[in-house]
Structures are given as C-alpha cells and as structure tokens.
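Written below as structure tokens is the structure these notes are about.
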Amino acid sequence: LPAPLLAASTASAAPAAAVDTRTAGPELPAPTGRYAVGQEDLHLVDRSRTDPWAHTGPRELMVTLRYPVQRGTGRAPAPYMSTEEARLILADKGLDKIIDPAVFAATRAHARVAARPVEGRYPLIVLSPGFTVPRATLTSLAEDLASRGYVVAAVDHAYESAATAFPGGRVLTCLACGQTRGEGGIEAVTAVRAKDVSFLLDRLTGRHPVWRHAGIIDADRVAMAGHSIGGASALPAMAADRRIRAGIDMDGGLPEPYPAGGIGGRPFMLLGSAVSVPGGQNANWQTMWARFDGWKRWITVDGTDHFGPTDYPALRDQLGVPHPDAPLPGPRALELTRTYVAAFFDRHLKGQPRPVLDGPAADAPEVRFHNP
C-alpha cells in the first residue's frame, strides 16, 4: 500500500530547535463559509462484522461530525488529537524528534462543541483519511465544508492509522499495515472501508439514527470524498451503495478492477498533486479514466505533494518543516482544495452552477485540467 509521508526526510527537515514548544500549537485556516461550525464525536460499533485486522471483536469506527451552528453558541473543542496519538503518528513518519508531539497535538481548529445547529436540512459528506493517518488530517476541509452548509462525517477506520484514540483509553495502532503489503492490499482496505461507510450511513440516516442532530441531514443528498486510500475507497463505496450520489478521490491510486457494475453514471472527480501522475502512485488514473461514464473531472495542483489536500501543508509551514517537493504555500494549497471540493459538491448535491469546474482559470494558475 502507498504509505504517505508527512514531510521530507529528517535530513532535509528543520532542526528540532525550530519549534518553540512554549507557544501554542499551529492554527488551521479559518472556514470560509457563512456558518459557524459545530463538532461532535461518535463511537460506532458494527456488531454484525468481526474486525478484519484484529480478527477478534466487532468492527469499530470513530467519527467526527461537523455541521452548521448558530454563532456564539458552544465552547472550544477538544484538542486536535492527544499527545500520545501525535507521538505515534510522528514516530511513524520519523518526525517525532523534529516536531514536538505536544505542539502538533495542540493544533488549533475552529469548530465548537455543544453548539446549537442552524435549522435546516443539509447534504451529508463522508470523509475518509489516508492509510496510516487519522481523520484529524482532514479537519480544515471538513470545517470549511460545514461552514458552507454541509454535515461532514470524518471517519477513523479501526487499526488503519498509526494511532487513533478510542473510548476506554485505547489507542489503536495500524494492524492493517502488516497485513496488506503486496498485491491486493489496496483492494482489501478499500473493500473494508466501503462496508464501513455503508454502516455509517445506516447509523446516521436510518430509522433509528445514533446522532442527536441527525434530523438536519438530508439523506437524499449524500456524497463521499477521501485522501489517498480514503479517496480510492470512494469508488467501491459508490459501487456498493446507491445512496452515495457523488465521489472524490484526492490523490489515491484506484482499486482494480473497475467495479463490474460501474457506478451508474454518478459524478466522480480525481483531484491530485502534479508530481503523483502520470507514472507515480496514481498511475492507474489514466487507465481507469475511460470507465467513468458520468460527469467527471481530473484536476491536479502544481507545487503540492501527496498530502496537498490535507492539513499538513499549513502545519508544515508553521512548524518549520520544509518540503522541497511541495513549494506551494500551505494556506494556498488548502484554499485550492477547499475551492474545488466545495464546487464539486455544490454542483452535484445542491444543483448550483460552479464555473470553476469548467476549465483553467487565470486566478488559479497552479490548477491543471486533464482529459487523456
């Protein structure tokens, strides 16, 4: 499986002294939409399945929901992640001696907990993170989408991250990493995640939803996006579940073969870094492109790397960790990701025209449209 890298190797990174541990953690860019954003975590247990990586006990998910809320309500959210999660994640990338885990864990976001939702019915977007990294890495995108009038469910899939905190003081590590090396690994993980997403939709939009604010979800307008293998999982998830009306793969190589039954002409977008295609991690985008038989776009962003769609470009900038292969400033990388992802969902879930999806624009010279 493609194990994504947080930043450059330790040889090219700034020394540990570049991080001032006496200061607060870095801050993610503020959401750009009209709404304030609320946040709530859910622990879900699927007792109909045994966990495929632990081979014992039921399948578990941790979910962070973000949604439009009334300004001035709620309180500051829990930390970006626990220090122990941060330590394990940074150690997995060889960066725990370069970035202080406590500073990384103290990253500041903008959502509020216990805030009052804005009345209405909003489309639901499921976000799935890359392999070995947690759902927190998609915080900036999730907050921005929620501020634009979406309910966003960011999912941690048990045992597929270097560290994810679960109830009871458990921090689960990546058991899947040792079981999915070699041929068929991508397909194994994406098949599991497709089932996870269907279970999540059942619990959020079924007859007895588990979330107290589930009434604000419009179950007829559901979509999925993800980073790396989380994006790759959107394809089998759509093939298996007709409730998912549209999907985005952000820099993830697609599982093969293309689903025999296709995805019924539903819209799909490939959004990646220029260095990853062609011939890179996403080499099969070109061979799979012709199989998408509905509305589709293939967009890349110059100056970014595999982690371009996540929080990491902005965090690397603030933590003093250079990345020579990704010179685009972090805030700009996030701005472009937010713009094109939101435009896709606005068009396909809200029926709103978004000319930014029609082709290159003078104010976004980093963005390239492909049609092989």
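Naming scheme: A, B, ... for chains in displayed order of the structure tokens; residues 1 onward per chain; ligands 1 onward as shown.
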
> Which residues come within 9 Å of Asp196 (chain A), counting only C-alpha atoms, excluding same-chain residues fewer than 4 positions away, as a PyMOL selection string?
Replying inline: chain A and resi 46+59-61+155+157+191-192+200-201+237

Using the selection just defined, write its residues with N, CA, C and O atoms as an mmCIF file, in the first residue's frame.
```cif
data_model
loop_
_atom_site.group_PDB
_atom_site.id
_atom_site.type_symbol
_atom_site.label_atom_id
_atom_site.label_comp_id
_atom_site.auth_asym_id
_atom_site.auth_seq_id
_atom_site.Cartn_x
_atom_site.Cartn_y
_atom_site.Cartn_z
ATOM 1 N N ASP A 46 -20.046 -1.904 14.904
ATOM 2 C CA ASP A 46 -20.802 -2.757 13.993
ATOM 3 C C ASP A 46 -20.671 -4.202 14.457
ATOM 4 O O ASP A 46 -19.703 -4.898 14.144
ATOM 5 N N ARG A 59 -16.303 -4.682 14.513
ATOM 6 C CA ARG A 59 -15.707 -3.562 13.794
ATOM 7 C C ARG A 59 -16.111 -2.259 14.474
ATOM 8 O O ARG A 59 -17.285 -2.061 14.818
ATOM 9 N N GLU A 60 -15.143 -1.340 14.647
ATOM 10 C CA GLU A 60 -15.404 -0.069 15.316
ATOM 11 C C GLU A 60 -14.968 1.100 14.437
ATOM 12 O O GLU A 60 -14.010 0.992 13.669
ATOM 13 N N LEU A 61 -15.673 2.203 14.589
ATOM 14 C CA LEU A 61 -15.334 3.446 13.904
ATOM 15 C C LEU A 61 -15.365 4.587 14.907
ATOM 16 O O LEU A 61 -16.187 4.588 15.831
ATOM 17 N N VAL A 155 -14.169 9.988 9.251
ATOM 18 C CA VAL A 155 -14.173 8.647 9.836
ATOM 19 C C VAL A 155 -12.762 8.146 10.087
ATOM 20 O O VAL A 155 -11.898 8.233 9.215
ATOM 21 N N HIS A 157 -11.072 4.550 10.652
ATOM 22 C CA HIS A 157 -11.320 3.125 10.475
ATOM 23 C C HIS A 157 -10.347 2.373 11.386
ATOM 24 O O HIS A 157 -9.127 2.503 11.238
ATOM 25 N N ALA A 191 -12.171 -2.307 0.205
ATOM 26 C CA ALA A 191 -13.386 -3.111 0.374
ATOM 27 C C ALA A 191 -13.900 -3.004 1.808
ATOM 28 O O ALA A 191 -15.112 -2.911 2.045
ATOM 29 N N VAL A 192 -12.985 -3.011 2.771
ATOM 30 C CA VAL A 192 -13.386 -2.863 4.172
ATOM 31 C C VAL A 192 -13.988 -1.480 4.403
ATOM 32 O O VAL A 192 -15.033 -1.337 5.053
ATOM 33 N N LEU A 200 -21.925 3.332 8.430
ATOM 34 C CA LEU A 200 -22.050 4.700 8.931
ATOM 35 C C LEU A 200 -23.329 5.359 8.426
ATOM 36 O O LEU A 200 -24.054 6.011 9.197
ATOM 37 N N LEU A 201 -23.627 5.205 7.146
ATOM 38 C CA LEU A 201 -24.851 5.800 6.598
ATOM 39 C C LEU A 201 -26.089 5.194 7.251
ATOM 40 O O LEU A 201 -27.072 5.907 7.518
ATOM 41 N N ALA A 237 -17.136 2.136 -2.587
ATOM 42 C CA ALA A 237 -18.265 2.517 -1.742
ATOM 43 C C ALA A 237 -19.459 2.931 -2.586
ATOM 44 O O ALA A 237 -20.611 2.544 -2.308
#
```

>> Taking the DSSP secondary structure from the backbone, can you list the residues of region 141-273 of chain A that are helix (DSSP H, G or I), as a PyMOL selection string?
In response: chain A and resi 141-147+167-169+175-178+185-205+214-216+229-232+234-240

> Given the choices A:Gly231, A:Pro134, A:Pro355, A:Gly120, which gets closest to Val189 (chain A) if the distance is worked out from only C-alpha atoms?
Replying inline: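 Using only C-alpha atoms, Val189 (chain A) sits closest to A:Gly231.
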
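Excluding Gly252 (chain A) itself and any same-chain residue fewer than 3 positions from it, the protein and nucleic acid residues within 7 Å of it, counting only C-alpha atoms, are His227, Ser228, Ile229, Gly231, Ala232, Asp249 and Asn282 of chain A.
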
> What is the CA of Leu141 (chain A)-CA of Ala111 (chain A) distance in Å, reported with one decimal?
Replying inline: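 Value for the CA of Leu141 (chain A)-CA of Ala111 (chain A) distance: 11.9 Å.
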
Mind checking DSSP for region 144-369 of chain A and telling me the strand (DSSP E or B) residues as a PDB file with N, CA, C and O atoms, in the first residue's frame?
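Contents of out-v8.pdb, as written:
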```
ATOM      1  N   VAL A 151     -23.284  18.769   6.363  1.00  0.00           N
ATOM      2  CA  VAL A 151     -22.896  17.938   7.500  1.00  0.00           C
ATOM      3  C   VAL A 151     -21.757  17.051   7.009  1.00  0.00           C
ATOM      4  O   VAL A 151     -21.861  16.419   5.959  1.00  0.00           O
ATOM      5  N   VAL A 152     -20.666  17.030   7.753  1.00  0.00           N
ATOM      6  CA  VAL A 152     -19.473  16.300   7.329  1.00  0.00           C
ATOM      7  C   VAL A 152     -19.116  15.270   8.391  1.00  0.00           C
ATOM      8  O   VAL A 152     -18.965  15.609   9.575  1.00  0.00           O
ATOM      9  N   ALA A 153     -18.990  14.020   7.970  1.00  0.00           N
ATOM     10  CA  ALA A 153     -18.630  12.924   8.872  1.00  0.00           C
ATOM     11  C   ALA A 153     -17.242  12.416   8.492  1.00  0.00           C
ATOM     12  O   ALA A 153     -17.077  11.736   7.475  1.00  0.00           O
ATOM     13  N   ALA A 154     -16.229  12.782   9.288  1.00  0.00           N
ATOM     14  CA  ALA A 154     -14.864  12.309   9.064  1.00  0.00           C
ATOM     15  C   ALA A 154     -14.669  11.042   9.888  1.00  0.00           C
ATOM     16  O   ALA A 154     -14.956  11.018  11.082  1.00  0.00           O
ATOM     17  N   VAL A 155     -14.169   9.988   9.251  1.00  0.00           N
ATOM     18  CA  VAL A 155     -14.173   8.647   9.836  1.00  0.00           C
ATOM     19  C   VAL A 155     -12.762   8.146  10.087  1.00  0.00           C
ATOM     20  O   VAL A 155     -11.898   8.233   9.215  1.00  0.00           O
ATOM     21  N   ASP A 156     -12.544   7.576  11.273  1.00  0.00           N
ATOM     22  CA  ASP A 156     -11.349   6.771  11.519  1.00  0.00           C
ATOM     23  C   ASP A 156     -11.756   5.309  11.486  1.00  0.00           C
ATOM     24  O   ASP A 156     -12.661   4.882  12.220  1.00  0.00           O
ATOM     25  N   HIS A 157     -11.072   4.550  10.652  1.00  0.00           N
ATOM     26  CA  HIS A 157     -11.320   3.125  10.475  1.00  0.00           C
ATOM     27  C   HIS A 157     -10.347   2.373  11.386  1.00  0.00           C
ATOM     28  O   HIS A 157      -9.127   2.503  11.238  1.00  0.00           O
ATOM     29  N   SER A 161      -4.716   3.317  11.126  1.00  0.00           N
ATOM     30  CA  SER A 161      -3.906   4.505  11.357  1.00  0.00           C
ATOM     31  C   SER A 161      -2.779   4.142  12.312  1.00  0.00           C
ATOM     32  O   SER A 161      -2.891   3.189  13.102  1.00  0.00           O
ATOM     33  N   THR A 164      -5.023   5.937  16.733  1.00  0.00           N
ATOM     34  CA  THR A 164      -6.352   6.530  16.858  1.00  0.00           C
ATOM     35  C   THR A 164      -6.881   6.215  18.245  1.00  0.00           C
ATOM     36  O   THR A 164      -6.915   5.048  18.659  1.00  0.00           O
ATOM     37  N   ALA A 165      -7.294   7.248  18.984  1.00  0.00           N
ATOM     38  CA  ALA A 165      -7.840   7.057  20.320  1.00  0.00           C
ATOM     39  C   ALA A 165      -9.284   6.580  20.230  1.00  0.00           C
ATOM     40  O   ALA A 165     -10.100   7.152  19.495  1.00  0.00           O
ATOM     41  N   PHE A 166      -9.587   5.536  20.980  1.00  0.00           N
ATOM     42  CA  PHE A 166     -10.938   5.009  21.111  1.00  0.00           C
ATOM     43  C   PHE A 166     -11.336   5.052  22.581  1.00  0.00           C
ATOM     44  O   PHE A 166     -10.481   5.220  23.455  1.00  0.00           O
ATOM     45  N   ARG A 170      -8.083   3.438  25.008  1.00  0.00           N
ATOM     46  CA  ARG A 170      -7.377   2.651  23.995  1.00  0.00           C
ATOM     47  C   ARG A 170      -6.842   3.548  22.885  1.00  0.00           C
ATOM     48  O   ARG A 170      -7.561   4.414  22.387  1.00  0.00           O
ATOM     49  N   VAL A 171      -5.600   3.320  22.488  1.00  0.00           N
ATOM     50  CA  VAL A 171      -5.041   3.950  21.297  1.00  0.00           C
ATOM     51  C   VAL A 171      -4.687   2.822  20.337  1.00  0.00           C
ATOM     52  O   VAL A 171      -3.732   2.076  20.570  1.00  0.00           O
ATOM     53  N   LEU A 172      -5.486   2.674  19.282  1.00  0.00           N
ATOM     54  CA  LEU A 172      -5.297   1.580  18.339  1.00  0.00           C
ATOM     55  C   LEU A 172      -4.249   1.958  17.304  1.00  0.00           C
ATOM     56  O   LEU A 172      -4.240   3.081  16.791  1.00  0.00           O
ATOM     57  N   ILE A 217     -29.769  16.164   8.638  1.00  0.00           N
ATOM     58  CA  ILE A 217     -29.172  15.516   7.472  1.00  0.00           C
ATOM     59  C   ILE A 217     -30.236  15.248   6.424  1.00  0.00           C
ATOM     60  O   ILE A 217     -31.301  14.700   6.726  1.00  0.00           O
ATOM     61  N   ASP A 218     -29.954  15.617   5.192  1.00  0.00           N
ATOM     62  CA  ASP A 218     -30.808  15.270   4.058  1.00  0.00           C
ATOM     63  C   ASP A 218     -30.282  13.952   3.483  1.00  0.00           C
ATOM     64  O   ASP A 218     -29.283  13.922   2.768  1.00  0.00           O
ATOM     65  N   ALA A 219     -30.968  12.859   3.797  1.00  0.00           N
ATOM     66  CA  ALA A 219     -30.489  11.527   3.407  1.00  0.00           C
ATOM     67  C   ALA A 219     -30.541  11.286   1.911  1.00  0.00           C
ATOM     68  O   ALA A 219     -29.976  10.296   1.428  1.00  0.00           O
ATOM     69  N   ASP A 220     -31.195  12.152   1.175  1.00  0.00           N
ATOM     70  CA  ASP A 220     -31.236  12.011  -0.285  1.00  0.00           C
ATOM     71  C   ASP A 220     -30.071  12.709  -0.972  1.00  0.00           C
ATOM     72  O   ASP A 220     -29.950  12.648  -2.202  1.00  0.00           O
ATOM     73  N   ARG A 221     -29.228  13.375  -0.177  1.00  0.00           N
ATOM     74  CA  ARG A 221     -28.069  14.074  -0.760  1.00  0.00           C
ATOM     75  C   ARG A 221     -26.822  13.686   0.036  1.00  0.00           C
ATOM     76  O   ARG A 221     -26.451  14.349   0.994  1.00  0.00           O
ATOM     77  N   VAL A 222     -26.221  12.575  -0.377  1.00  0.00           N
ATOM     78  CA  VAL A 222     -25.066  12.013   0.319  1.00  0.00           C
ATOM     79  C   VAL A 222     -23.934  11.853  -0.678  1.00  0.00           C
ATOM     80  O   VAL A 222     -24.142  11.431  -1.826  1.00  0.00           O
ATOM     81  N   ALA A 223     -22.720  12.170  -0.253  1.00  0.00           N
ATOM     82  CA  ALA A 223     -21.549  12.010  -1.115  1.00  0.00           C
ATOM     83  C   ALA A 223     -20.362  11.591  -0.256  1.00  0.00           C
ATOM     84  O   ALA A 223     -20.429  11.575   0.975  1.00  0.00           O
ATOM     85  N   MET A 224     -19.254  11.265  -0.933  1.00  0.00           N
ATOM     86  CA  MET A 224     -18.051  10.815  -0.222  1.00  0.00           C
ATOM     87  C   MET A 224     -16.814  11.392  -0.884  1.00  0.00           C
ATOM     88  O   MET A 224     -16.755  11.532  -2.116  1.00  0.00           O
ATOM     89  N   ALA A 225     -15.835  11.718  -0.063  1.00  0.00           N
ATOM     90  CA  ALA A 225     -14.516  12.111  -0.548  1.00  0.00           C
ATOM     91  C   ALA A 225     -13.490  11.544   0.419  1.00  0.00           C
ATOM     92  O   ALA A 225     -13.804  11.210   1.564  1.00  0.00           O
ATOM     93  N   GLY A 226     -12.257  11.437  -0.041  1.00  0.00           N
ATOM     94  CA  GLY A 226     -11.211  10.946   0.844  1.00  0.00           C
ATOM     95  C   GLY A 226      -9.848  11.253   0.289  1.00  0.00           C
ATOM     96  O   GLY A 226      -9.692  11.601  -0.884  1.00  0.00           O
ATOM     97  N   HIS A 227      -8.868  11.112   1.159  1.00  0.00           N
ATOM     98  CA  HIS A 227      -7.482  11.338   0.765  1.00  0.00           C
ATOM     99  C   HIS A 227      -6.758  10.003   0.648  1.00  0.00           C
ATOM    100  O   HIS A 227      -6.951   9.108   1.474  1.00  0.00           O
ATOM    101  N   ILE A 244     -24.827   6.911  -2.131  1.00  0.00           N
ATOM    102  CA  ILE A 244     -23.722   7.846  -2.333  1.00  0.00           C
ATOM    103  C   ILE A 244     -23.821   8.395  -3.750  1.00  0.00           C
ATOM    104  O   ILE A 244     -23.569   7.688  -4.725  1.00  0.00           O
ATOM    105  N   ARG A 245     -24.197   9.650  -3.865  1.00  0.00           N
ATOM    106  CA  ARG A 245     -24.529  10.228  -5.176  1.00  0.00           C
ATOM    107  C   ARG A 245     -23.333  10.757  -5.955  1.00  0.00           C
ATOM    108  O   ARG A 245     -23.431  10.981  -7.170  1.00  0.00           O
ATOM    109  N   ALA A 246     -22.199  10.984  -5.283  1.00  0.00           N
ATOM    110  CA  ALA A 246     -21.036  11.555  -5.959  1.00  0.00           C
ATOM    111  C   ALA A 246     -19.798  11.242  -5.128  1.00  0.00           C
ATOM    112  O   ALA A 246     -19.890  11.015  -3.915  1.00  0.00           O
ATOM    113  N   GLY A 247     -18.619  11.239  -5.782  1.00  0.00           N
ATOM    114  CA  GLY A 247     -17.405  10.902  -5.053  1.00  0.00           C
ATOM    115  C   GLY A 247     -16.183  11.648  -5.554  1.00  0.00           C
ATOM    116  O   GLY A 247     -16.110  12.030  -6.728  1.00  0.00           O
ATOM    117  N   ILE A 248     -15.216  11.849  -4.648  1.00  0.00           N
ATOM    118  CA  ILE A 248     -13.939  12.484  -4.981  1.00  0.00           C
ATOM    119  C   ILE A 248     -12.810  11.631  -4.425  1.00  0.00           C
ATOM    120  O   ILE A 248     -12.822  11.257  -3.238  1.00  0.00           O
ATOM    121  N   ASP A 249     -11.847  11.354  -5.287  1.00  0.00           N
ATOM    122  CA  ASP A 249     -10.605  10.700  -4.872  1.00  0.00           C
ATOM    123  C   ASP A 249      -9.508  11.754  -4.874  1.00  0.00           C
ATOM    124  O   ASP A 249      -9.122  12.257  -5.930  1.00  0.00           O
ATOM    125  N   MET A 250      -8.987  12.072  -3.676  1.00  0.00           N
ATOM    126  CA  MET A 250      -7.918  13.056  -3.563  1.00  0.00           C
ATOM    127  C   MET A 250      -6.579  12.324  -3.439  1.00  0.00           C
ATOM    128  O   MET A 250      -6.194  11.860  -2.377  1.00  0.00           O
ATOM    129  N   PHE A 268     -17.857  11.785 -10.576  1.00  0.00           N
ATOM    130  CA  PHE A 268     -16.639  11.419  -9.857  1.00  0.00           C
ATOM    131  C   PHE A 268     -15.534  12.377 -10.262  1.00  0.00           C
ATOM    132  O   PHE A 268     -15.398  12.725 -11.432  1.00  0.00           O
ATOM    133  N   MET A 269     -14.735  12.804  -9.274  1.00  0.00           N
ATOM    134  CA  MET A 269     -13.631  13.713  -9.551  1.00  0.00           C
ATOM    135  C   MET A 269     -12.329  13.162  -8.982  1.00  0.00           C
ATOM    136  O   MET A 269     -12.293  12.653  -7.858  1.00  0.00           O
ATOM    137  N   LEU A 270     -11.274  13.248  -9.788  1.00  0.00           N
ATOM    138  CA  LEU A 270      -9.916  12.937  -9.368  1.00  0.00           C
ATOM    139  C   LEU A 270      -9.204  14.265  -9.112  1.00  0.00           C
ATOM    140  O   LEU A 270      -9.129  15.106 -10.006  1.00  0.00           O
ATOM    141  N   LEU A 271      -8.705  14.440  -7.891  1.00  0.00           N
ATOM    142  CA  LEU A 271      -8.025  15.679  -7.512  1.00  0.00           C
ATOM    143  C   LEU A 271      -6.692  15.299  -6.886  1.00  0.00           C
ATOM    144  O   LEU A 271      -6.657  14.644  -5.838  1.00  0.00           O
ATOM    145  N   GLY A 272      -5.587  15.662  -7.553  1.00  0.00           N
ATOM    146  CA  GLY A 272      -4.304  15.200  -7.061  1.00  0.00           C
ATOM    147  C   GLY A 272      -3.185  16.198  -7.210  1.00  0.00           C
ATOM    148  O   GLY A 272      -3.366  17.325  -7.678  1.00  0.00           O
ATOM    149  N   SER A 273      -2.006  15.766  -6.794  1.00  0.00           N
ATOM    150  CA  SER A 273      -0.798  16.581  -6.945  1.00  0.00           C
ATOM    151  C   SER A 273      -0.175  16.304  -8.302  1.00  0.00           C
ATOM    152  O   SER A 273      -0.252  15.184  -8.815  1.00  0.00           O
ATOM    153  N   LYS A 296     -17.365  13.923 -14.998  1.00  0.00           N
ATOM    154  CA  LYS A 296     -16.075  13.617 -14.384  1.00  0.00           C
ATOM    155  C   LYS A 296     -15.093  14.751 -14.612  1.00  0.00           C
ATOM    156  O   LYS A 296     -15.187  15.491 -15.600  1.00  0.00           O
ATOM    157  N   ARG A 297     -14.147  14.869 -13.685  1.00  0.00           N
ATOM    158  CA  ARG A 297     -13.047  15.806 -13.818  1.00  0.00           C
ATOM    159  C   ARG A 297     -11.786  15.154 -13.269  1.00  0.00           C
ATOM    160  O   ARG A 297     -11.829  14.390 -12.309  1.00  0.00           O
ATOM    161  N   TRP A 298     -10.653  15.522 -13.905  1.00  0.00           N
ATOM    162  CA  TRP A 298      -9.330  15.117 -13.430  1.00  0.00           C
ATOM    163  C   TRP A 298      -8.522  16.402 -13.307  1.00  0.00           C
ATOM    164  O   TRP A 298      -8.212  17.059 -14.290  1.00  0.00           O
ATOM    165  N   ILE A 299      -8.225  16.775 -12.070  1.00  0.00           N
ATOM    166  CA  ILE A 299      -7.574  18.047 -11.775  1.00  0.00           C
ATOM    167  C   ILE A 299      -6.319  17.787 -10.945  1.00  0.00           C
ATOM    168  O   ILE A 299      -6.343  16.978 -10.005  1.00  0.00           O
ATOM    169  N   THR A 300      -5.220  18.463 -11.291  1.00  0.00           N
ATOM    170  CA  THR A 300      -4.022  18.401 -10.453  1.00  0.00           C
ATOM    171  C   THR A 300      -3.597  19.820 -10.076  1.00  0.00           C
ATOM    172  O   THR A 300      -3.933  20.788 -10.757  1.00  0.00           O
ATOM    173  N   VAL A 301      -2.839  19.895  -8.986  1.00  0.00           N
ATOM    174  CA  VAL A 301      -2.383  21.181  -8.457  1.00  0.00           C
ATOM    175  C   VAL A 301      -0.859  21.184  -8.419  1.00  0.00           C
ATOM    176  O   VAL A 301      -0.241  20.367  -7.732  1.00  0.00           O
ATOM    177  N   VAL A 367      -3.579  25.210 -11.099  1.00  0.00           N
ATOM    178  CA  VAL A 367      -4.547  24.126 -11.323  1.00  0.00           C
ATOM    179  C   VAL A 367      -4.551  23.726 -12.799  1.00  0.00           C
ATOM    180  O   VAL A 367      -4.669  24.567 -13.685  1.00  0.00           O
ATOM    181  N   ARG A 368      -4.451  22.406 -13.027  1.00  0.00           N
ATOM    182  CA  ARG A 368      -4.461  21.878 -14.391  1.00  0.00           C
ATOM    183  C   ARG A 368      -5.608  20.895 -14.572  1.00  0.00           C
ATOM    184  O   ARG A 368      -5.864  20.060 -13.691  1.00  0.00           O
ATOM    185  N   PHE A 369      -6.283  20.981 -15.707  1.00  0.00           N
ATOM    186  CA  PHE A 369      -7.352  20.049 -16.064  1.00  0.00           C
ATOM    187  C   PHE A 369      -6.823  19.042 -17.060  1.00  0.00           C
ATOM    188  O   PHE A 369      -6.134  19.410 -18.020  1.00  0.00           O
TER     189      PHE A 369
END
```

> Smallest atom-to-atom distance to His43 (chain A): which of A:Ala361, A:Val210, A:Ala106, A:Leu349, using only C-alpha atoms?
Replying inline: A:Val210

> Mind pulling up the distance from CA of Phe199 (chain A) to CA of Ala115 (chain A)?
Replying inline: 26.1 Å

> With only C-alpha atoms as the atoms that count, which of A:Gly25, A:Gly215, A:Pro365, A:Gly184 lies nearest to Val118 (chain A)?
Replying inline: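 For Val118 (chain A), the nearest of the given residues is A:Gly215.
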
> To one decimal place, how far is CA of Leu145 (chain A) from CA of Ala342 (chain A) in Å?
Replying inline: 6.5 Å

>> Residues within 10 Å of Pro52 (chain A), please, as a list in words. Count only C-alpha atoms; anything in the same chain fewer than 6 positions from it doesn't count.
In response: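 Everything that qualifies: Pro58, Arg59, Ala158, Tyr159, Leu175, Ala176, Gln179, Ala188, Val189 and Val192 of chain A.
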
>> At a cut-off of 12 Å, using only C-alpha atoms, what residues contact Phe307 (chain A)? Leave out same-chain residues fewer than 5 positions from it and give the result as a PyMOL selection string.
In response: chain A and resi 3-8+129-131+133+137-138+226-229+250-252+271-276+301+312-316+323+325-326+328+330+333-334+337

>> Report as an NGL selection string all protein, DNA and RNA residues lying within 12 Å of Val113 (chain A), evaluated on only C-alpha atoms, omitting residues in the same chain fewer than 6 positions from it.
In response: :A and (36-41 or 64-79)

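Distances from A:Leu127, A:Ala163, A:Ala234, A:Ala283 to Glu143 (chain A) were compared using only C-alpha atoms, and the smallest one belongs to A:Leu127.
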